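Peer 1: Got a file for you: entry-v9.cif, mmCIF, C-alpha atoms.
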data_target
loop_
_atom_site.label_atom_id
_atom_site.label_comp_id
_atom_site.auth_asym_id
_atom_site.auth_seq_id
_atom_site.Cartn_x
_atom_site.Cartn_y
_atom_site.Cartn_z
CA MET A 1 -14.47 -126.76 31.19
CA LYS A 2 -14.25 -126.90 34.99
CA THR A 3 -10.46 -126.98 34.73
CA MET A 4 -10.45 -123.87 32.53
CA LYS A 5 -12.78 -122.06 34.93
CA ARG A 6 -10.58 -123.05 37.86
CA MET A 7 -7.46 -121.77 36.03
CA SER A 8 -9.24 -118.51 35.20
CA LEU A 9 -10.23 -118.04 38.83
CA ILE A 10 -6.67 -118.68 39.99
CA LEU A 11 -5.38 -116.16 37.44
CA VAL A 12 -7.85 -113.52 38.62
CA LEU A 13 -6.94 -114.13 42.26
CA ASN A 14 -3.22 -113.94 41.48
CA LEU A 15 -3.69 -110.66 39.62
CA ALA A 16 -5.73 -109.23 42.48
CA PHE A 17 -3.09 -110.32 44.98
CA SER A 18 -0.31 -108.78 42.89
CA THR A 19 -2.24 -105.51 42.63
CA THR A 20 -2.69 -105.47 46.39
CA LEU A 21 1.02 -105.99 46.92
CA LEU A 22 1.92 -103.20 44.52
CA ALA A 23 -0.53 -100.89 46.26
CA GLU A 24 1.23 -101.55 49.57
CA ILE A 25 4.70 -100.77 48.18
CA TRP A 26 4.45 -97.00 48.04
CA SER A 27 6.14 -93.91 49.39
CA ASP A 28 6.03 -93.86 53.18
CA VAL A 29 3.70 -90.88 53.58
CA ASP A 30 3.97 -90.97 57.38
CA LYS A 31 7.72 -90.57 57.11
CA GLU A 32 7.25 -87.80 54.56
CA GLN A 33 5.01 -86.01 57.06
CA ARG A 34 7.53 -86.39 59.87
CA TRP A 35 10.28 -84.98 57.66
CA ALA A 36 7.97 -82.10 56.67
CA GLU A 37 7.18 -81.20 60.28
CA GLN A 38 10.87 -81.25 61.15
CA ILE A 39 11.78 -79.03 58.20
CA ILE A 40 8.97 -76.53 58.80
CA ASP A 41 10.00 -76.18 62.47
CA THR A 42 13.70 -75.61 61.76
CA LEU A 43 13.97 -73.97 58.32
CA PHE A 44 16.01 -70.76 58.13
CA ASP A 45 16.71 -70.38 54.41
CA GLY A 46 13.88 -70.49 51.89
CA GLU A 47 10.15 -71.06 52.09
CA THR A 48 8.27 -74.32 52.50
CA ILE A 49 5.48 -74.96 50.00
CA TRP A 50 3.21 -77.88 49.14
CA LEU A 51 2.95 -79.31 45.65
CA ASP A 52 0.48 -81.85 44.31
CA ALA A 53 1.21 -84.98 42.29
CA SER A 54 -1.85 -87.06 41.38
CA GLY A 55 -3.66 -86.00 44.53
CA HIS A 56 -0.71 -86.50 46.87
CA GLU A 57 0.66 -83.36 48.52
CA PHE A 58 4.40 -83.30 49.07
CA LEU A 59 6.77 -80.76 50.57
CA ALA A 60 9.19 -78.57 48.65
CA ILE A 61 11.54 -75.77 49.66
CA ASP A 62 11.54 -72.69 47.44
CA MET A 63 14.47 -70.27 47.49
CA GLU A 64 14.90 -67.25 45.25
CA ALA A 65 18.18 -66.33 43.62
CA SER A 66 20.16 -63.68 45.49
CA ASP A 67 20.03 -61.46 42.39
CA GLY A 68 16.24 -61.62 42.27
CA ASP A 69 14.26 -63.05 39.38
CA THR A 70 16.81 -64.43 36.93
CA GLY A 71 14.42 -66.67 35.00
CA ARG A 72 16.50 -69.76 35.72
CA ALA A 73 15.92 -72.42 38.35
CA ALA A 74 17.33 -75.72 39.57
CA ILE A 75 15.13 -78.52 40.87
CA VAL A 76 17.15 -80.28 43.59
CA VAL A 77 16.44 -83.99 43.96
CA HIS A 78 17.71 -85.76 47.10
CA GLY A 79 18.97 -89.31 47.54
CA ILE A 80 17.55 -92.43 49.15
CA GLY A 81 15.28 -92.11 52.19
CA VAL A 82 16.02 -88.48 53.11
CA HIS A 83 14.39 -85.08 52.54
CA PRO A 84 14.72 -81.77 50.64
CA ASN A 85 16.78 -80.07 53.35
CA TRP A 86 19.22 -82.93 53.98
CA GLU A 87 22.49 -81.49 55.29
CA GLN A 88 24.70 -83.52 52.95
CA VAL A 89 24.76 -82.45 49.29
CA VAL A 90 21.13 -81.28 49.19
CA ARG A 91 21.15 -78.29 51.53
CA PRO A 92 24.53 -76.96 50.32
CA LEU A 93 23.18 -76.96 46.76
CA ARG A 94 19.73 -75.56 47.44
CA VAL A 95 21.23 -72.72 49.52
CA GLY A 96 24.48 -72.26 47.58
CA LEU A 97 23.17 -72.10 44.00
CA PRO A 98 21.01 -69.01 44.69
CA GLU A 99 24.28 -67.17 45.40
CA HIS A 100 25.18 -67.93 41.78
CA GLY A 101 21.95 -66.64 40.29
CA TRP A 102 19.85 -69.82 40.40
CA HIS A 103 16.41 -70.04 41.97
CA THR A 104 16.19 -73.46 43.68
CA LEU A 105 13.26 -75.73 44.40
CA SER A 106 14.21 -78.75 46.50
CA ILE A 107 11.48 -81.39 46.44
CA GLN A 108 10.50 -84.36 48.57
CA MET A 109 10.87 -87.55 46.57
CA PRO A 110 9.21 -90.92 47.30
CA ILE A 111 10.86 -92.65 50.26
CA LEU A 112 10.78 -95.83 52.31
CA LEU A 113 11.86 -96.74 55.83
CA ASN A 114 15.52 -96.25 56.72
CA ASP A 115 16.42 -99.92 56.43
CA ALA A 116 14.90 -100.34 52.94
CA GLU A 117 17.23 -101.66 50.25
CA SER A 118 17.71 -99.89 46.94
CA TYR A 119 15.89 -102.59 44.96
CA GLN A 120 12.76 -101.99 47.06
CA TYR A 121 12.49 -98.53 45.51
CA ALA A 122 11.62 -99.94 42.09
CA PRO A 123 7.81 -99.52 42.44
CA LEU A 124 8.26 -95.98 43.77
CA LEU A 125 9.86 -94.86 40.50
CA ASP A 126 6.34 -94.68 39.07
CA GLU A 127 5.74 -91.65 41.32
CA VAL A 128 8.76 -89.68 40.14
CA ALA A 129 7.39 -88.09 36.97
CA GLY A 130 4.38 -86.64 38.77
CA ARG A 131 6.53 -84.95 41.38
CA ILE A 132 9.09 -83.49 38.99
CA ASN A 133 6.37 -82.33 36.62
CA ALA A 134 4.62 -80.59 39.53
CA ALA A 135 7.89 -78.83 40.37
CA ILE A 136 8.39 -77.73 36.76
CA GLY A 137 4.82 -76.47 36.58
CA TYR A 138 5.26 -74.46 39.78
CA LEU A 139 8.47 -72.84 38.52
CA ARG A 140 7.13 -72.04 35.07
CA GLU A 141 4.05 -70.39 36.56
CA ARG A 142 6.47 -68.05 38.30
CA GLY A 143 8.41 -67.17 35.19
CA GLN A 144 11.31 -69.59 35.59
CA GLU A 145 11.68 -70.84 32.02
CA ASN A 146 15.31 -72.01 32.15
CA ILE A 147 15.02 -75.13 34.33
CA VAL A 148 17.63 -77.76 35.18
CA ILE A 149 17.61 -80.79 37.48
CA VAL A 150 20.39 -81.29 40.03
CA ALA A 151 20.13 -84.75 41.58
CA HIS A 152 22.13 -86.89 44.00
CA SER A 153 22.53 -90.68 44.22
CA MET A 154 19.10 -92.37 44.15
CA GLY A 155 17.76 -88.98 43.09
CA ALA A 156 19.96 -89.21 40.00
CA THR A 157 18.51 -92.63 39.22
CA MET A 158 15.01 -91.22 39.72
CA THR A 159 15.91 -88.41 37.32
CA MET A 160 16.99 -90.95 34.72
CA ARG A 161 13.65 -92.70 35.13
CA TYR A 162 11.95 -89.33 34.71
CA MET A 163 13.80 -88.70 31.45
CA GLU A 164 12.71 -92.14 30.29
CA ASP A 165 9.06 -91.46 31.15
CA VAL A 166 9.08 -87.86 29.86
CA PRO A 167 11.60 -87.81 26.97
CA GLU A 168 10.49 -84.29 25.91
CA ALA A 169 10.83 -82.90 29.42
CA PRO A 170 11.20 -79.09 29.43
CA VAL A 171 14.60 -79.06 31.14
CA LEU A 172 17.81 -77.62 29.70
CA GLY A 173 20.37 -79.66 31.59
CA LEU A 174 21.03 -82.38 34.15
CA VAL A 175 23.57 -82.53 36.97
CA LEU A 176 23.88 -86.13 38.17
CA ILE A 177 25.92 -86.43 41.39
CA GLY A 178 27.14 -89.82 42.56
CA MET A 179 24.94 -91.71 40.11
CA GLN A 180 25.37 -95.44 40.65
CA GLY A 181 25.10 -98.32 38.24
CA GLY A 182 25.15 -102.08 38.04
CA SER A 183 23.47 -104.00 40.83
CA GLU A 184 23.27 -100.86 42.99
CA THR A 185 20.53 -99.23 40.95
CA VAL A 186 16.87 -99.97 40.22
CA HIS A 187 16.99 -98.47 36.72
CA ASP A 188 19.36 -98.88 33.78
CA ASN A 189 20.85 -95.40 33.91
CA ALA A 190 23.30 -96.01 31.08
CA ALA A 191 20.51 -97.11 28.75
CA THR A 192 18.72 -93.83 29.42
CA LEU A 193 21.90 -91.81 28.85
CA GLU A 194 22.07 -93.37 25.39
CA LYS A 195 18.88 -91.46 24.54
CA ILE A 196 19.79 -88.05 26.00
CA ASN A 197 21.33 -85.21 24.02
CA LEU A 198 20.94 -82.25 26.35
CA PRO A 199 23.85 -81.02 28.52
CA VAL A 200 24.68 -83.54 31.27
CA LEU A 201 27.25 -83.27 34.07
CA ASP A 202 28.24 -86.59 35.66
CA LEU A 203 29.85 -85.48 38.94
CA TYR A 204 31.49 -87.79 41.45
CA GLY A 205 34.27 -87.99 44.03
CA SER A 206 37.54 -89.85 43.84
CA ASP A 207 36.51 -91.63 47.08
CA ASP A 208 32.94 -92.24 45.97
CA LEU A 209 31.12 -95.55 46.29
CA PRO A 210 32.39 -98.43 44.09
CA GLY A 211 29.03 -98.51 42.34
CA VAL A 212 29.71 -94.94 41.22
CA VAL A 213 33.43 -95.01 40.42
CA ASP A 214 33.29 -98.36 38.60
CA PHE A 215 30.36 -97.11 36.51
CA THR A 216 32.03 -94.02 35.05
CA GLU A 217 33.28 -95.58 31.81
CA ARG A 218 29.93 -97.19 31.05
CA LYS A 219 28.23 -93.81 31.45
CA ALA A 220 30.79 -92.18 29.15
CA ASP A 221 30.23 -94.95 26.59
CA ALA A 222 26.48 -94.36 26.78
CA ALA A 223 26.94 -90.64 26.10
CA ARG A 224 29.16 -91.45 23.11
CA THR A 225 26.48 -93.81 21.80
CA ALA A 226 23.99 -90.94 22.06
CA GLY A 227 26.41 -88.65 20.23
CA ASN A 228 26.06 -86.29 23.19
CA ASP A 229 28.92 -83.79 22.92
CA ALA A 230 27.40 -81.89 25.85
CA PHE A 231 28.12 -84.73 28.29
CA ARG A 232 30.96 -84.16 30.74
CA GLN A 233 32.38 -86.10 33.67
CA ILE A 234 34.11 -84.31 36.55
CA ARG A 235 35.85 -86.09 39.41
CA VAL A 236 36.46 -84.10 42.58
CA GLU A 237 39.62 -85.30 44.29
CA GLY A 238 39.19 -86.35 47.90
CA ALA A 239 35.40 -86.24 47.78
CA ASP A 240 33.30 -89.10 49.10
CA HIS A 241 29.73 -89.90 48.09
CA PHE A 242 28.39 -87.04 50.22
CA PHE A 243 31.12 -84.46 49.54
CA ASP A 244 31.70 -84.17 53.28
CA ASP A 245 33.95 -81.16 54.05
CA LEU A 246 33.97 -80.32 50.35
CA GLU A 247 30.58 -78.63 50.12
CA ASP A 248 32.06 -75.42 48.71
CA ALA A 249 33.83 -77.35 45.96
CA LEU A 250 30.55 -79.14 45.20
CA VAL A 251 28.59 -75.90 44.81
CA GLU A 252 31.32 -74.12 42.84
CA THR A 253 31.69 -77.05 40.44
CA VAL A 254 27.96 -77.33 39.81
CA ALA A 255 27.48 -73.57 39.50
CA GLY A 256 30.42 -73.24 37.12
CA TRP A 257 29.16 -76.00 34.86
CA LEU A 258 25.64 -74.58 34.84
CA GLU A 259 26.96 -71.14 33.92
CA ASP A 260 28.80 -72.57 30.94
CA ASN A 261 26.18 -75.07 29.76
CA ALA A 262 22.67 -74.16 30.92
CA SER A 263 22.44 -70.38 31.14
#
Take the structure from the file and write it as structure tokens.
Peer 2:
Amino acid sequence: MKTMKRMSLILVLNLAFSTTLLAEIWSDVDKEQRWAEQIIDTLFDGETIWLDASGHEFLAIDMEASDGDTGRAAIVVHGIGVHPNWEQVVRPLRVGLPEHGWHTLSIQMPILLNDAESYQYAPLLDEVAGRINAAIGYLRERGQENIVIVAHSMGATMTMRYMEDVPEAPVLGLVLIGMQGGSETVHDNAATLEKINLPVLDLYGSDDLPGVVDFTERKADAARTAGNDAFRQIRVEGADHFFDDLEDALVETVAGWLEDNAS
């Protein structure tokens, strides 16, 4: 009996310790605040707003379409450790897509310190659904019913986790830019693609990261398994993971695909 009680006590202590550890592995809210202050002080295009996910306020940048209220909007999801006005990929899209008739809402995703490895983001994926749902709710309250998600790198992986957690998500299409696979990711993106039948653009550069380029066939196989005829892969020649010096090509490619598949 004493042995059983001792084992029960050890189990309870281990569970408590594990819970404490999980509680400590969370989005770096201090870093989020520093990013927010920097963005608010320097923003020229769009309006900063605050959204709420389970009691946590996070920054977003709202920008109307140049043509006014078009009823369609793109939620822009950044990559690992950065912010919703990041100059590579994120800002070109959030500012460029409004010129093509898309309202954009670029949102702050969960982040860690700069030196954090991708695998350390695994616990933060639990926060993703709350943030994207808050963004969708904000847009729908303002009459934006045609909503898509445009996500880069870790943001694309977070979007896959979102689609796993919210399989009936009210979005009409996904643009996944530089989505990695294999050991580089913290979620089985291909397994999620096997369950998706809405329009999906898998966009990458010819000079992208190995974890992206080497993963293209597996993603295509996953879409075929899903029977998703609305899945398309586009490779931009000469583009690296961040589409440096090819920002116009990035925006034009995304806008063109959205016009044909999600309008």
Peer 1: Quick one: of A:Glu194, A:Asp30, A:Asp229, A:Glu145, who's nearest to Pro167 of chain A, counting all atoms listed in the file?
Peer 2: A:Glu194
Peer 1: Quick one: pull the distance between atom CA of Leu193 of chain A and atom CA of Val90 of chain A, Å, one decimal.
Peer 2: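 Between atom CA of Leu193 of chain A and atom CA of Val90 of chain A the gap works out to 22.9 Å.
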Peer 1: For segment 116-146 of chain A versus segment 61-79 of chain A, which residues have an atom no more than 12 Å away, and what is each residue's nearest atom pair and distance in Å rounded to one decimal, using only C-alpha atoms, chain-then-number order, as a tab-separated table?
Peer 2:
residue	atom	partner	partner_atom	distance
A:Ser118	CA	A:Gly79	CA	10.7
A:Tyr121	CA	A:Gly79	CA	11.5
A:Val128	CA	A:Val77	CA	10.3
A:Arg131	CA	A:Val77	CA	10.3
A:Ile132	CA	A:Ile75	CA	8.0
A:Asn133	CA	A:Ile75	CA	10.5
A:Ala134	CA	A:Ile75	CA	10.8
A:Ala135	CA	A:Ile75	CA	7.3
A:Ile136	CA	A:Ile75	CA	7.9
A:Gly137	CA	A:Ile75	CA	11.4
A:Tyr138	CA	A:Asp62	CA	10.1
A:Leu139	CA	A:Ala73	CA	7.5
A:Arg140	CA	A:Gly71	CA	9.1
A:Glu141	CA	A:Gly71	CA	11.1
A:Arg142	CA	A:Gly71	CA	8.7
A:Gly143	CA	A:Gly71	CA	6.0
A:Gln144	CA	A:Gly71	CA	4.3
A:Glu145	CA	A:Gly71	CA	5.8
A:Asn146	CA	A:Arg72	CA	4.4
Peer 1: For atom CA of Leu112 of chain A and atom CA of Leu125 of chain A, quote the distance in Å rounded to one decimal.
Peer 2: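 Atom CA of Leu112 of chain A sits 11.9 Å away from atom CA of Leu125 of chain A.
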Peer 1: Applying the PyMOL selection byres ((chain A and resi 202-213) around 6) to the file I just gave you, which residues come out? Please list them as an MDAnalysis selection string.
Peer 2: chainID A and resid 176:181 201 214:216 233:241
Peer 1: Just give me the gap between atom CA of Asn189 of chain A and atom CA of Met160 of chain A in Å, one decimal is fine.
Peer 2: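 It comes out at 5.9 Å.
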Peer 1: When distances are computed from only C-alpha atoms, which of A:Gly96, A:Gly81, A:Gly101, A:Gly55 shows the smallest separation from Glu127 of chain A?
Peer 2: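 Smallest distance to Glu127 of chain A is found for A:Gly55.
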Peer 1: I want to know what sits within 12 Å of Asp126 of chain A, based on only C-alpha atoms, with residues of the same chain fewer than 4 positions away left out; could you give that as a VMD selection string?
Peer 2: chain A and resid 22 to 23 25 to 27 53 to 54 109 to 110 121 to 122 130 to 132 158 to 159 161 to 162 164 to 166 186 to 187
Peer 1: Between A:Glu168, A:Asp244, A:Asp115, A:Asp260, which is the closest to Arg232 of chain A once you count all atoms listed in the file?
Peer 2: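 Once distances to Arg232 of chain A are computed over all atoms listed in the file, the minimum belongs to A:Asp260.
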Peer 1: Pick from A:Leu246, A:Ala262, A:Met154, A:Ile149: nearest to Pro92 of chain A, with all atoms listed in the file counted?
Peer 2: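 When distances to Pro92 of chain A are compared using all atoms listed in the file, the smallest one comes from A:Leu246.
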Peer 1: Quick check on the file I pasted: which residues fall under the PyMOL selection byres ((chain A and resi 108) around 7)? Write them as a PyMOL selection string.
Peer 2: chain A and resi 58-60+83-84+107+109-110
Peer 1: Taking the file as shown, find all residues satisfying the PyMOL selection byres ((chain A and resi 252) around 12) and write them as number ranges by chain.
Peer 2: A: 92-93, 96-100, 236, 246-251, 253-259
Peer 1: When distances are computed from only C-alpha atoms, which of A:Ser106, A:Gly155, A:Glu47, A:Arg218 shows the smallest separation from Arg94 of chain A?
Peer 2: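 Counting only C-alpha atoms, the residue closest to Arg94 of chain A is A:Ser106.
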